[in-house]
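What's in upload08.tsv: TSV, C-alpha atoms and all ligand atoms
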chain	number	residue	atom	x	y	z
A	1	MET	CA	31.31	-25.36	73.78
A	2	PRO	CA	29.35	-25.29	70.49
A	3	LEU	CA	29.74	-22.39	68.10
A	4	PHE	CA	26.84	-19.92	67.93
A	5	ASP	CA	25.18	-21.21	64.80
A	6	VAL	CA	24.75	-18.14	62.61
A	7	TYR	CA	26.51	-19.24	59.42
A	8	PRO	CA	25.21	-21.81	56.93
A	9	LEU	CA	28.47	-23.60	56.04
A	10	TYR	CA	29.74	-25.39	52.96
A	11	ASN	CA	31.40	-28.66	53.79
A	12	VAL	CA	34.92	-27.58	52.77
A	13	THR	CA	37.84	-27.08	55.18
A	14	PRO	CA	40.59	-24.96	53.65
A	15	VAL	CA	43.96	-25.42	55.33
A	16	SER	CA	46.27	-23.55	52.94
A	17	ALA	CA	46.15	-21.26	49.94
A	18	LYS	CA	48.32	-19.74	47.24
A	19	ASP	CA	47.36	-16.85	44.97
A	20	VAL	CA	43.95	-17.73	43.48
A	21	TYR	CA	43.82	-21.29	44.83
A	22	VAL	CA	42.73	-22.68	48.19
A	23	TYR	CA	43.54	-26.24	49.35
A	24	ASP	CA	41.57	-28.44	51.74
A	25	GLU	CA	42.93	-31.00	54.19
A	26	THR	CA	42.98	-33.72	51.50
A	27	GLY	CA	44.97	-31.52	49.12
A	28	THR	CA	42.02	-30.79	46.82
A	29	GLU	CA	42.57	-27.54	44.94
A	30	TYR	CA	39.76	-24.96	44.76
A	31	LEU	CA	39.76	-21.94	42.44
A	32	ASP	CA	38.80	-18.96	44.59
A	33	LEU	CA	36.54	-16.61	42.63
A	34	TYR	CA	35.06	-15.24	45.83
A	35	GLY	CA	38.15	-14.08	47.75
A	36	GLY	CA	36.42	-14.79	51.07
A	37	HIS	CA	33.82	-12.03	50.50
A	38	ALA	CA	36.01	-9.77	48.29
A	39	VAL	CA	38.79	-9.70	50.86
A	40	ILE	CA	41.70	-11.26	48.98
A	41	SER	CA	43.17	-8.50	46.86
A	42	ILE	CA	46.82	-9.39	46.19
A	43	GLY	CA	46.27	-13.16	46.25
A	44	HIS	CA	46.51	-15.68	49.07
A	45	ALA	CA	49.86	-16.07	50.84
A	46	HIS	CA	51.63	-13.48	48.71
A	47	PRO	CA	55.37	-13.68	49.56
A	48	ASN	CA	55.70	-9.89	50.15
A	49	TYR	CA	52.73	-9.99	52.50
A	50	ILE	CA	54.06	-12.96	54.46
A	51	LYS	CA	57.47	-11.32	54.74
A	52	ALA	CA	56.05	-7.97	55.90
A	53	ILE	CA	53.77	-9.50	58.54
A	54	THR	CA	56.40	-11.95	59.77
A	55	SER	CA	59.10	-9.36	60.22
A	56	GLN	CA	56.65	-6.92	61.87
A	57	VAL	CA	55.37	-9.48	64.38
A	58	ASN	CA	58.96	-10.36	65.21
A	59	ALA	CA	59.64	-6.69	65.95
A	60	LEU	CA	56.39	-5.31	67.44
A	61	GLY	CA	52.92	-6.69	66.74
A	62	PHE	CA	50.85	-4.25	68.74
A	63	TYR	CA	50.88	-1.17	70.82
A	64	SER	CA	47.96	1.14	71.48
A	65	ASN	CA	47.11	4.50	69.90
A	66	ALA	CA	48.80	6.37	72.76
A	67	ILE	CA	52.28	6.31	71.18
A	68	GLN	CA	53.90	7.37	67.90
A	69	ASN	CA	53.29	4.81	65.16
A	70	PRO	CA	55.11	5.83	61.96
A	71	LEU	CA	53.59	2.84	60.14
A	72	GLN	CA	50.20	4.59	60.28
A	73	VAL	CA	51.74	7.66	58.66
A	74	ASP	CA	53.37	5.52	55.95
A	75	LEU	CA	50.06	3.77	55.32
A	76	ALA	CA	48.18	7.08	55.07
A	77	ASP	CA	50.78	8.47	52.63
A	78	LYS	CA	50.65	5.34	50.50
A	79	ILE	CA	46.84	5.38	50.34
A	80	GLU	CA	46.99	9.04	49.28
A	81	ALA	CA	49.61	8.30	46.61
A	82	LEU	CA	47.82	5.32	45.09
A	83	SER	CA	44.26	6.61	45.37
A	84	GLY	CA	45.03	10.16	44.27
A	85	CYS	CA	42.71	11.38	47.08
A	86	LYS	CA	44.77	14.41	48.07
A	87	GLY	CA	44.38	16.18	51.38
A	88	TYR	CA	42.19	13.62	53.10
A	89	GLU	CA	43.05	12.41	56.61
A	90	LEU	CA	42.98	8.77	57.72
A	91	PHE	CA	41.37	7.13	60.74
A	92	LEU	CA	42.09	3.44	61.14
A	93	CYS	CA	39.80	0.78	62.59
A	94	ASN	CA	39.28	-2.96	62.16
A	95	SER	CA	36.40	-3.76	59.81
A	96	GLY	CA	33.97	-2.42	57.24
A	97	ALA	CA	31.09	-2.03	59.68
A	98	GLU	CA	33.34	-0.13	62.06
A	99	ALA	CA	34.50	2.11	59.21
A	100	ASN	CA	30.89	2.99	58.36
A	101	GLU	CA	29.97	3.37	62.03
A	102	ASN	CA	32.73	5.97	62.38
A	103	ALA	CA	31.78	7.61	59.08
A	104	LEU	CA	28.18	8.06	60.21
A	105	LYS	CA	29.25	9.26	63.63
A	106	LEU	CA	31.53	11.87	62.03
A	107	ALA	CA	28.76	13.02	59.69
A	108	SER	CA	26.56	13.56	62.73
A	109	PHE	CA	29.29	15.32	64.73
A	110	LYS	CA	30.10	17.60	61.80
A	111	THR	CA	26.54	18.63	60.94
A	112	GLY	CA	24.84	18.34	64.34
A	113	LYS	CA	22.09	16.35	62.59
A	114	SER	CA	21.12	12.70	62.96
A	115	ARG	CA	19.01	11.31	60.09
A	116	VAL	CA	20.74	9.29	57.36
A	117	LEU	CA	19.69	8.58	53.78
A	118	ALA	CA	20.61	5.17	52.42
A	119	PHE	CA	19.49	3.03	49.49
A	120	LYS	CA	17.41	-0.02	48.69
A	121	ASN	CA	19.46	-3.23	48.70
A	122	GLY	CA	22.39	-1.41	50.29
A	123	PHE	CA	24.61	-3.22	52.78
A	124	HIS	CA	26.86	-1.36	55.20
A	125	GLY	CA	27.62	-3.81	58.04
A	126	ARG	CA	26.16	-5.14	61.24
A	127	THR	CA	27.05	-2.68	64.00
A	128	SER	CA	24.62	-0.14	65.41
A	129	ALA	CA	24.31	2.65	62.83
A	130	ALA	CA	25.84	0.60	59.99
A	131	VAL	CA	23.12	-2.03	60.22
A	132	ALA	CA	20.42	0.60	60.67
A	133	VAL	CA	21.32	2.03	57.26
A	134	THR	CA	21.41	-1.46	55.71
A	135	ASP	CA	18.30	-2.45	53.78
A	136	ASN	CA	17.62	-5.80	55.43
A	137	ALA	CA	14.96	-5.93	58.15
A	138	ASN	CA	16.09	-9.43	59.21
A	139	ILE	CA	19.39	-8.20	60.63
A	140	ILE	CA	18.09	-5.00	62.28
A	141	ALA	CA	17.36	-5.56	65.99
A	142	PRO	CA	14.96	-3.22	67.82
A	143	ILE	CA	17.96	-1.46	69.38
A	144	ASN	CA	19.23	-0.58	65.88
A	145	ALA	CA	15.81	0.36	64.56
A	146	GLN	CA	15.78	3.45	66.78
A	147	GLN	CA	18.15	5.22	64.39
A	148	LYS	CA	16.62	7.77	62.06
A	149	VAL	CA	17.10	6.34	58.57
A	150	THR	CA	15.29	6.83	55.28
A	151	ILE	CA	15.85	4.25	52.56
A	152	LEU	CA	15.24	5.37	48.99
A	153	GLU	CA	15.38	3.66	45.61
A	154	LEU	CA	18.64	4.05	43.68
A	155	ASN	CA	18.20	6.82	41.08
A	156	ASP	CA	15.30	8.46	42.98
A	157	ILE	CA	16.79	11.94	42.77
A	158	VAL	CA	13.43	13.61	43.44
A	159	GLY	CA	13.18	11.68	46.71
A	160	VAL	CA	16.76	12.51	47.70
A	161	LYS	CA	16.16	16.22	47.06
A	162	ALA	CA	12.93	16.26	49.05
A	163	GLU	CA	14.52	14.46	52.01
A	164	LEU	CA	17.68	16.57	52.07
A	165	GLU	CA	15.69	19.80	51.93
A	166	LYS	CA	13.98	18.86	55.19
A	167	GLY	CA	17.29	19.93	56.76
A	168	ASP	CA	17.81	17.10	59.28
A	169	VAL	CA	19.98	14.69	57.26
A	170	CYS	CA	23.60	14.35	58.46
A	171	GLY	CA	24.76	11.93	55.79
A	172	VAL	CA	23.97	10.07	52.60
A	173	ILE	CA	25.71	6.70	52.49
A	174	ILE	CA	26.02	4.87	49.20
A	175	GLU	CA	27.83	1.98	47.52
A	176	PHE	CA	28.90	2.97	44.01
A	177	ILE	CA	28.56	-0.70	43.10
A	178	GLN	CA	26.28	-2.63	45.45
A	179	GLY	CA	27.99	-5.72	46.82
A	180	VAL	CA	25.75	-7.92	48.95
A	181	GLY	CA	22.66	-6.48	47.23
A	182	GLY	CA	23.68	-7.78	43.81
A	183	LEU	CA	26.01	-5.50	41.81
A	184	ASP	CA	23.46	-2.81	40.93
A	185	GLN	CA	24.77	0.69	40.23
A	186	ALA	CA	22.98	4.01	40.11
A	187	THR	CA	23.57	6.24	37.08
A	188	GLY	CA	26.48	8.67	36.97
A	189	ASP	CA	23.99	11.54	36.84
A	190	PHE	CA	22.37	10.33	40.02
A	191	PHE	CA	25.66	10.06	41.95
A	192	GLU	CA	26.72	13.52	40.78
A	193	GLN	CA	23.37	15.13	41.61
A	194	VAL	CA	23.30	13.54	45.07
A	195	PHE	CA	26.79	14.92	45.67
A	196	THR	CA	25.67	18.42	44.63
A	197	LEU	CA	22.54	18.21	46.79
A	198	CYS	CA	24.63	17.10	49.79
A	199	LYS	CA	26.86	20.16	49.35
A	200	ALA	CA	23.84	22.46	49.17
A	201	ASN	CA	22.22	20.99	52.29
A	202	ASN	CA	25.14	20.61	54.73
A	203	THR	CA	24.97	16.83	54.45
A	204	MET	CA	28.03	14.56	54.37
A	205	PHE	CA	28.38	12.41	51.24
A	206	ILE	CA	29.75	9.03	52.39
A	207	ALA	CA	31.18	6.61	49.84
A	208	ASP	CA	31.09	3.06	51.17
A	209	GLU	CA	34.12	1.61	49.35
A	210	VAL	CA	34.49	-1.30	51.77
A	211	GLN	CA	33.95	-3.80	48.95
A	212	SER	CA	34.42	-1.73	45.79
A	213	GLY	CA	37.62	0.04	46.87
A	214	TYR	CA	41.28	-0.87	46.55
A	215	GLY	CA	41.23	-1.34	42.79
A	216	ARG	CA	38.40	-3.84	42.59
A	217	SER	CA	36.28	-1.62	40.31
A	218	GLY	CA	39.14	-0.91	37.89
A	219	LYS	CA	40.01	2.41	39.56
A	220	PHE	CA	41.37	2.74	43.08
A	221	PHE	CA	37.89	3.76	44.25
A	222	ALA	CA	34.62	3.08	42.45
A	223	PHE	CA	33.45	6.68	43.01
A	224	GLN	CA	36.37	7.79	40.81
A	225	HIS	CA	34.39	6.65	37.77
A	226	TYR	CA	32.25	9.78	38.44
A	227	ASN	CA	32.76	13.44	39.13
A	228	VAL	CA	32.23	13.50	42.90
A	229	THR	CA	34.38	14.26	45.95
A	230	PRO	CA	33.04	12.36	48.96
A	231	ASP	CA	33.34	13.89	52.42
A	232	ILE	CA	34.10	10.47	53.90
A	233	ILE	CA	35.29	7.27	52.20
A	234	SER	CA	35.09	3.98	54.10
A	235	ILE	CA	37.52	1.15	53.37
A	236	ALA	CA	38.20	-2.39	54.63
A	237	LYS	CA	38.10	-5.82	52.91
A	238	GLY	CA	40.88	-5.71	50.25
A	239	MET	CA	42.88	-3.32	52.41
A	240	GLY	CA	44.43	-6.10	54.51
A	241	ASN	CA	44.16	-9.12	52.16
A	242	GLY	CA	42.65	-11.02	55.11
A	243	PHE	CA	44.27	-9.15	57.98
A	244	PRO	CA	41.42	-7.32	59.79
A	245	ILE	CA	41.85	-3.63	59.03
A	246	GLY	CA	39.46	-0.86	58.02
A	247	GLY	CA	39.46	2.89	57.91
A	248	ILE	CA	37.91	6.12	56.77
A	249	LEU	CA	39.39	8.83	54.59
A	250	ILE	CA	38.12	12.13	55.93
A	251	HIS	CA	37.90	15.37	53.95
A	252	PRO	CA	39.91	18.20	55.57
A	253	ASP	CA	36.69	20.23	56.01
A	254	ILE	CA	35.92	17.89	58.92
A	255	GLU	CA	38.06	18.94	61.83
A	256	ALA	CA	39.49	16.37	64.26
A	257	LYS	CA	39.19	16.76	68.03
A	258	TYR	CA	40.89	14.62	70.65
A	259	GLY	CA	38.64	11.76	71.69
A	260	MET	CA	36.15	12.25	68.85
A	261	LEU	CA	36.90	8.75	67.50
A	262	GLY	CA	38.99	6.00	69.01
A	263	THR	CA	39.80	2.29	69.09
A	264	THR	CA	42.13	-0.09	70.91
A	265	PHE	CA	43.18	-2.31	68.02
A	266	GLY	CA	42.66	-0.03	65.01
A	267	GLY	CA	45.87	0.89	63.18
A	268	ASN	CA	48.08	-1.47	65.16
A	269	HIS	CA	51.57	-2.22	63.89
A	270	LEU	CA	50.76	-5.59	62.43
A	271	ALA	CA	47.65	-4.32	60.64
A	272	CYS	CA	49.63	-1.43	59.15
A	273	ALA	CA	52.37	-3.80	57.97
A	274	ALA	CA	49.72	-5.91	56.24
A	275	GLY	CA	48.09	-2.80	54.75
A	276	LEU	CA	51.39	-1.46	53.44
A	277	ALA	CA	52.32	-4.82	51.89
A	278	VAL	CA	48.97	-4.83	50.07
A	279	LEU	CA	49.45	-1.33	48.63
A	280	ASN	CA	53.06	-1.95	47.65
A	281	THR	CA	52.00	-5.10	45.81
A	282	ILE	CA	49.05	-3.43	44.07
A	283	GLU	CA	51.51	-0.81	42.81
A	284	LYS	CA	54.44	-3.07	41.96
A	285	GLU	CA	52.36	-5.68	40.13
A	286	ASN	CA	50.12	-3.11	38.36
A	287	LEU	CA	47.11	-4.96	39.71
A	288	ILE	CA	44.61	-2.26	38.75
A	289	ASP	CA	45.64	-2.67	35.10
A	290	ASN	CA	45.17	-6.40	35.54
A	291	VAL	CA	41.67	-5.80	36.94
A	292	ASN	CA	40.70	-3.90	33.79
A	293	GLU	CA	42.22	-6.46	31.40
A	294	MET	CA	40.75	-9.47	33.19
A	295	SER	CA	37.38	-7.79	33.59
A	296	ALA	CA	37.15	-7.16	29.85
A	297	TYR	CA	38.11	-10.77	29.13
A	298	PHE	CA	35.66	-12.16	31.69
A	299	ILE	CA	32.80	-10.11	30.24
A	300	GLU	CA	33.72	-11.07	26.67
A	301	VAL	CA	33.53	-14.79	27.51
A	302	ALA	CA	30.41	-14.38	29.68
A	303	GLN	CA	28.61	-12.77	26.73
A	304	THR	CA	28.97	-16.00	24.74
A	305	ILE	CA	26.98	-18.07	27.25
A	306	PRO	CA	23.27	-17.92	26.44
A	307	GLN	CA	22.09	-18.93	29.94
A	308	ILE	CA	23.64	-15.73	31.35
A	309	LYS	CA	20.87	-13.14	31.10
A	310	LYS	CA	22.75	-10.12	32.44
A	311	ILE	CA	26.31	-9.22	33.39
A	312	LYS	CA	26.45	-6.71	36.24
A	313	GLY	CA	29.13	-4.73	38.05
A	314	ARG	CA	32.53	-3.46	37.04
A	315	GLY	CA	36.16	-4.49	37.20
A	316	LEU	CA	36.51	-7.68	39.21
A	317	MET	CA	33.31	-7.00	41.13
A	318	LEU	CA	30.99	-8.80	38.75
A	319	GLY	CA	27.64	-10.56	38.82
A	320	LEU	CA	26.20	-13.08	36.41
A	321	GLU	CA	22.41	-13.06	36.44
A	322	PHE	CA	20.44	-16.13	35.40
A	323	ASP	CA	16.70	-16.72	35.12
A	324	PHE	CA	16.83	-19.23	38.00
A	325	GLU	CA	18.09	-19.18	41.59
A	326	VAL	CA	21.79	-20.05	41.70
A	327	GLY	CA	22.06	-21.83	45.08
A	328	ASP	CA	22.34	-25.29	43.50
A	329	LEU	CA	24.69	-24.05	40.80
A	330	ARG	CA	27.05	-22.64	43.46
A	331	LYS	CA	27.00	-26.00	45.27
A	332	LYS	CA	27.75	-27.82	42.01
A	333	LEU	CA	30.62	-25.46	41.28
A	334	ILE	CA	32.13	-26.06	44.71
A	335	TYR	CA	31.60	-29.79	45.13
A	336	ASP	CA	31.91	-31.02	41.52
A	337	TYR	CA	34.22	-28.44	39.93
A	338	HIS	CA	36.04	-27.08	43.00
A	339	ILE	CA	35.34	-23.41	42.35
A	340	PHE	CA	34.21	-20.89	44.98
A	341	THR	CA	31.73	-18.23	43.83
A	342	GLY	CA	29.44	-15.93	45.78
A	343	GLY	CA	25.72	-15.35	46.14
A	344	ALA	CA	23.82	-12.10	46.75
A	345	SER	CA	20.47	-10.89	48.11
A	346	ASN	CA	19.39	-11.23	44.49
A	347	LYS	CA	19.11	-15.05	44.48
A	348	LYS	CA	19.55	-15.29	40.71
A	349	LEU	CA	22.97	-13.71	40.79
A	350	LEU	CA	26.35	-15.43	40.94
A	351	ARG	CA	28.92	-13.07	42.44
A	352	ILE	CA	32.48	-13.09	41.12
A	353	LEU	CA	35.06	-11.43	43.39
A	354	PRO	CA	38.41	-13.05	42.65
A	355	PRO	CA	41.83	-11.97	43.86
A	356	LEU	CA	43.00	-9.04	41.69
A	357	THR	CA	45.87	-11.25	40.48
A	358	ILE	CA	43.58	-13.55	38.47
A	359	LYS	CA	44.71	-14.54	34.95
A	360	LYS	CA	42.98	-15.65	31.76
A	361	GLU	CA	43.70	-19.33	32.46
A	362	HIS	CA	41.66	-19.11	35.69
A	363	ILE	CA	38.80	-17.38	33.90
A	364	ASN	CA	38.87	-20.13	31.25
A	365	GLN	CA	38.84	-22.78	34.00
A	366	PHE	CA	35.73	-21.13	35.48
A	367	PHE	CA	33.81	-20.85	32.22
A	368	ASP	CA	34.65	-24.45	31.19
A	369	ALA	CA	33.24	-25.61	34.52
A	370	LEU	CA	30.23	-23.28	34.33
A	371	LYS	CA	29.26	-24.56	30.87
A	372	LYS	CA	29.39	-28.15	32.11
A	373	ALA	CA	27.55	-27.30	35.33
A	374	LEU	CA	24.77	-25.60	33.38
A	401	LIG	C1	29.75	-2.41	51.07
A	401	LIG	C2	30.00	-3.02	52.41
A	401	LIG	N1	30.06	-2.23	53.49
A	401	LIG	C3	30.32	-2.72	54.71
A	401	LIG	C4	30.49	-4.07	54.91
A	401	LIG	C5	30.77	-4.60	56.29
A	401	LIG	O1	32.09	-5.00	56.40
A	401	LIG	P1	32.56	-5.96	57.59
A	401	LIG	O2	31.93	-7.30	57.35
A	401	LIG	O3	34.06	-5.96	57.48
A	401	LIG	O4	32.09	-5.36	58.86
A	401	LIG	C6	30.44	-4.94	53.81
A	401	LIG	C7	30.61	-6.40	54.00
A	401	LIG	O5	30.23	-7.22	53.19
A	401	LIG	C8	30.18	-4.40	52.54
A	401	LIG	O6	30.09	-5.18	51.46
Would you mind giving the structure from this file in structure tokens?
Amino acid sequence: MPLFDVYPLYNVTPVSAKDVYVYDETGTEYLDLYGGHAVISIGHAHPNYIKAITSQVNALGFYSNAIQNPLQVDLADKIEALSGCKGYELFLCNSGAEANENALKLASFKTGKSRVLAFKNGFHGRTSAAVAVTDNANIIAPINAQQKVTILELNDIVGVKAELEKGDVCGVIIEFIQGVGGLDQATGDFFEQVFTLCKANNTMFIADEVQSGYGRSGKFFAFQHYNVTPDIISIAKGMGNGFPIGGILIHPDIEAKYGMLGTTFGGNHLACAAGLAVLNTIEKENLIDNVNEMSAYFIEVAQTIPQIKKIKGRGLMLGLEFDFEVGDLRKKLIYDYHIFTGGASNKKLLRILPPLTIKKEHINQFFDALKKAL
């Protein structure tokens, strides 16, 4: 049976990996500055992660959400401790889209309203409501287009105010650093004013931290660079270092009811073991400090390369903008220099999303290759 052909593929077949390197079937080593779409947080095949998953699967890999699962409680406590988000409650699911789907559903349950405000170039996933609030007409099927969504420009505070005052908006969903769109960020003033307007209009403020969360921005969450308190925070990607897990942190003002949300696989034992190993490693290896140090170094070197017209993003969620489309450059970096990088909707942008364990030597390896490739 052929595979449903929805992905344009590079001709590389990874079979193993270690920290920031991936190896193909011939043993060729690739430097991974993409982390499989910002997923690899603590590095590939981290020994603590392997140990935690292996011992958990030997004990109990899965049981449903109908029994006590203390691993979920441990995971929730650890997220609270490391993120500093006190008092929130955790609902676990399996992916970023699912996290946002549940976030939007909760916003609608809580407010009794159904329209959502989202932003130009935003990406929130491919399920029903998540894709409807994503700014990409090509991936919105007619069944998704029925949702009531208004897309505004980032920083259009006048527009946000006018829409919220109509009284029918259940949620505003926003990435504090846009991922797929191309690393654009609204101003701090904008984020803070949107938050205040949400409060005034009984609208849930939803921070999509699926890509920017878990230390990638240089703080546990990217919204923590600003003075806002989201009602719902969605998480996934770096949370499981490759194990499928997602979730939402829910402000205590939103009251849970039995049956309101639910999932078969979400929060299973194996996923929680993976999630706990990730958080323990982020803490033990001071990875958020490393993000800030490596980010500063990366930016410092990038500034010396004249072909780079703009450096976007924060932490280890960075974009290098050129005055040409980077498709061929990415191919050259993979096939000639064995380095994975990412693209974005902005075709002139090279996306850099390495494991949070990256060191200066890897950054030097990248820039040496980039200079030659240019
Ligand atoms: C900001 C953001 N939200 C949501 C998603 C969707 O996550 P997933 O692919 O796990 O469904 C992504 C994926 O790229 C993302 O970058």
Quick check, in Å to one decimal: how far apart do CA of Gly167 (chain A) and CA of Ile206 (chain A) lie? 17.1 Å
Considering all atoms listed in the file, state which residue in the set A:Thr13, A:Thr134, A:Ser41, A:Gln146 is at the smallest distance from Val180 (chain A). A:Thr134
From CA of Asp231 (chain A) to CA of Ile254 (chain A) the spacing works out at 8.1 Å
How would you report the residues lying within 9 Å of ligand LIG 401 (chain A), as a VMD selection string, if you count only C-alpha atoms and all ligand atoms? chain A and resid 37 to 39 94 to 100 122 to 127 130 to 131 134 174 to 181 208 to 212 234 to 237 244 to 246
Take CA of Leu33 (chain A) and CA of Val20 (chain A) and report the distance between them in Å, one decimal. 7.5 Å
Please tell me which residues are no farther than 9 Å from (31.0, -3.2, 35.2) in the file, counting only C-alpha atoms, and write them as a CSV table (one decimal) with C-alpha atoms, keeping the file's coordinate frame.
chain,number,residue,atom,x,y,z
A,177,ILE,CA,28.6,-0.7,43.1
A,183,LEU,CA,26.0,-5.5,41.8
A,185,GLN,CA,24.8,0.7,40.2
A,217,SER,CA,36.3,-1.6,40.3
A,218,GLY,CA,39.1,-0.9,37.9
A,295,SER,CA,37.4,-7.8,33.6
A,299,ILE,CA,32.8,-10.1,30.2
A,311,ILE,CA,26.3,-9.2,33.4
A,312,LYS,CA,26.4,-6.7,36.2
A,313,GLY,CA,29.1,-4.7,38.0
A,314,ARG,CA,32.5,-3.5,37.0
A,315,GLY,CA,36.2,-4.5,37.2
A,316,LEU,CA,36.5,-7.7,39.2
A,317,MET,CA,33.3,-7.0,41.1
A,318,LEU,CA,31.0,-8.8,38.8
A,319,GLY,CA,27.6,-10.6,38.8
Nearest to Lys360 (chain A) by atom-to-atom distance, counting all atoms listed in the file, from A:Lys348, A:Val291, A:Asn202, A:Ala373: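 For Lys360 (chain A), the nearest of the candidates is A:Val291.
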Might you pull out every residue within 12 Å of Asn364 (chain A), with all atoms listed in the file counted and same-chain residues fewer than 2 positions away left off, and present them as a list in words?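 Those residues are Leu31, Met294, Tyr297, Phe298, Ile299, Glu300, Val301, Ala302, Ile358, Lys359, Lys360, Glu361, His362, Phe366, Phe367, Asp368, Ala369, Leu370 and Lys371 of chain A.
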Dump of C-alpha atoms for the selected residues, as an mmCIF file, in the frame of the given file:
data_model
loop_
_atom_site.group_PDB
_atom_site.id
_atom_site.type_symbol
_atom_site.label_atom_id
_atom_site.label_comp_id
_atom_site.auth_asym_id
_atom_site.auth_seq_id
_atom_site.Cartn_x
_atom_site.Cartn_y
_atom_site.Cartn_z
ATOM 1 C CA LEU A 31 39.760 -21.940 42.440
ATOM 2 C CA MET A 294 40.750 -9.470 33.190
ATOM 3 C CA TYR A 297 38.110 -10.770 29.130
ATOM 4 C CA PHE A 298 35.660 -12.160 31.690
ATOM 5 C CA ILE A 299 32.800 -10.110 30.240
ATOM 6 C CA GLU A 300 33.720 -11.070 26.670
ATOM 7 C CA VAL A 301 33.530 -14.790 27.510
ATOM 8 C CA ALA A 302 30.410 -14.380 29.680
ATOM 9 C CA ILE A 358 43.580 -13.550 38.470
ATOM 10 C CA LYS A 359 44.710 -14.540 34.950
ATOM 11 C CA LYS A 360 42.980 -15.650 31.760
ATOM 12 C CA GLU A 361 43.700 -19.330 32.460
ATOM 13 C CA HIS A 362 41.660 -19.110 35.690
ATOM 14 C CA PHE A 366 35.730 -21.130 35.480
ATOM 15 C CA PHE A 367 33.810 -20.850 32.220
ATOM 16 C CA ASP A 368 34.650 -24.450 31.190
ATOM 17 C CA ALA A 369 33.240 -25.610 34.520
ATOM 18 C CA LEU A 370 30.230 -23.280 34.330
ATOM 19 C CA LYS A 371 29.260 -24.560 30.870
#
Would you be able to write out as a list in words which residues have an atom within 12 Å of (15.7, 9.8, 43.5) in the file's coordinates, counting all atoms listed in the file?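 The requested residues, written out, are Leu117, Ala118, Phe119, Lys120, Ile151, Leu152, Glu153, Leu154, Asn155, Asp156, Ile157, Val158, Gly159, Val160, Lys161, Ala162, Glu163, Leu164, Ala186, Thr187, Asp189, Phe190, Phe191, Glu192, Gln193, Val194 and Leu197 of chain A.
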So that I can check the surroundings of region 83-89 of chain A, please list as a VMD selection string every protein, DNA and RNA residue that reaches within 9 Å of it, counting only C-alpha atoms and ignoring chain neighbours fewer than 3 positions away. chain A and resid 76 78 to 80 214 to 215 219 to 221 229 231 to 232 248 to 252
Could you save those same residues with C-alpha atoms as a CSV table (one decimal), in the frame of the given file?
chain,number,residue,atom,x,y,z
A,76,ALA,CA,48.2,7.1,55.1
A,78,LYS,CA,50.6,5.3,50.5
A,79,ILE,CA,46.8,5.4,50.3
A,80,GLU,CA,47.0,9.0,49.3
A,214,TYR,CA,41.3,-0.9,46.6
A,215,GLY,CA,41.2,-1.3,42.8
A,219,LYS,CA,40.0,2.4,39.6
A,220,PHE,CA,41.4,2.7,43.1
A,221,PHE,CA,37.9,3.8,44.2
A,229,THR,CA,34.4,14.3,46.0
A,231,ASP,CA,33.3,13.9,52.4
A,232,ILE,CA,34.1,10.5,53.9
A,248,ILE,CA,37.9,6.1,56.8
A,249,LEU,CA,39.4,8.8,54.6
A,250,ILE,CA,38.1,12.1,55.9
A,251,HIS,CA,37.9,15.4,54.0
A,252,PRO,CA,39.9,18.2,55.6
Residues near Glu321 (chain A), anyone? I mean within 12 Å using all atoms listed in the file, not counting same-chain ones fewer than 6 positions away, as a ChimeraX atom specification. /A:182-184,302-303,305-313,343-344,346-352
Among A:Lys105, A:Ile288, A:Glu25, A:Tyr226, Asn11 (chain A) is approached most closely, using all atoms listed in the file, by A:Glu25
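Nearest residue to Ser114 (chain A) among A:Thr196, A:Thr203, A:Gln68, A:Thr28 is A:Thr203, counting all atoms listed in the file.
Distances to Glu283 (chain A) were evaluated for A:Leu333, A:Ala81, A:Met1, A:Gln224 using all atoms listed in the file, and the minimum falls at A:Ala81.
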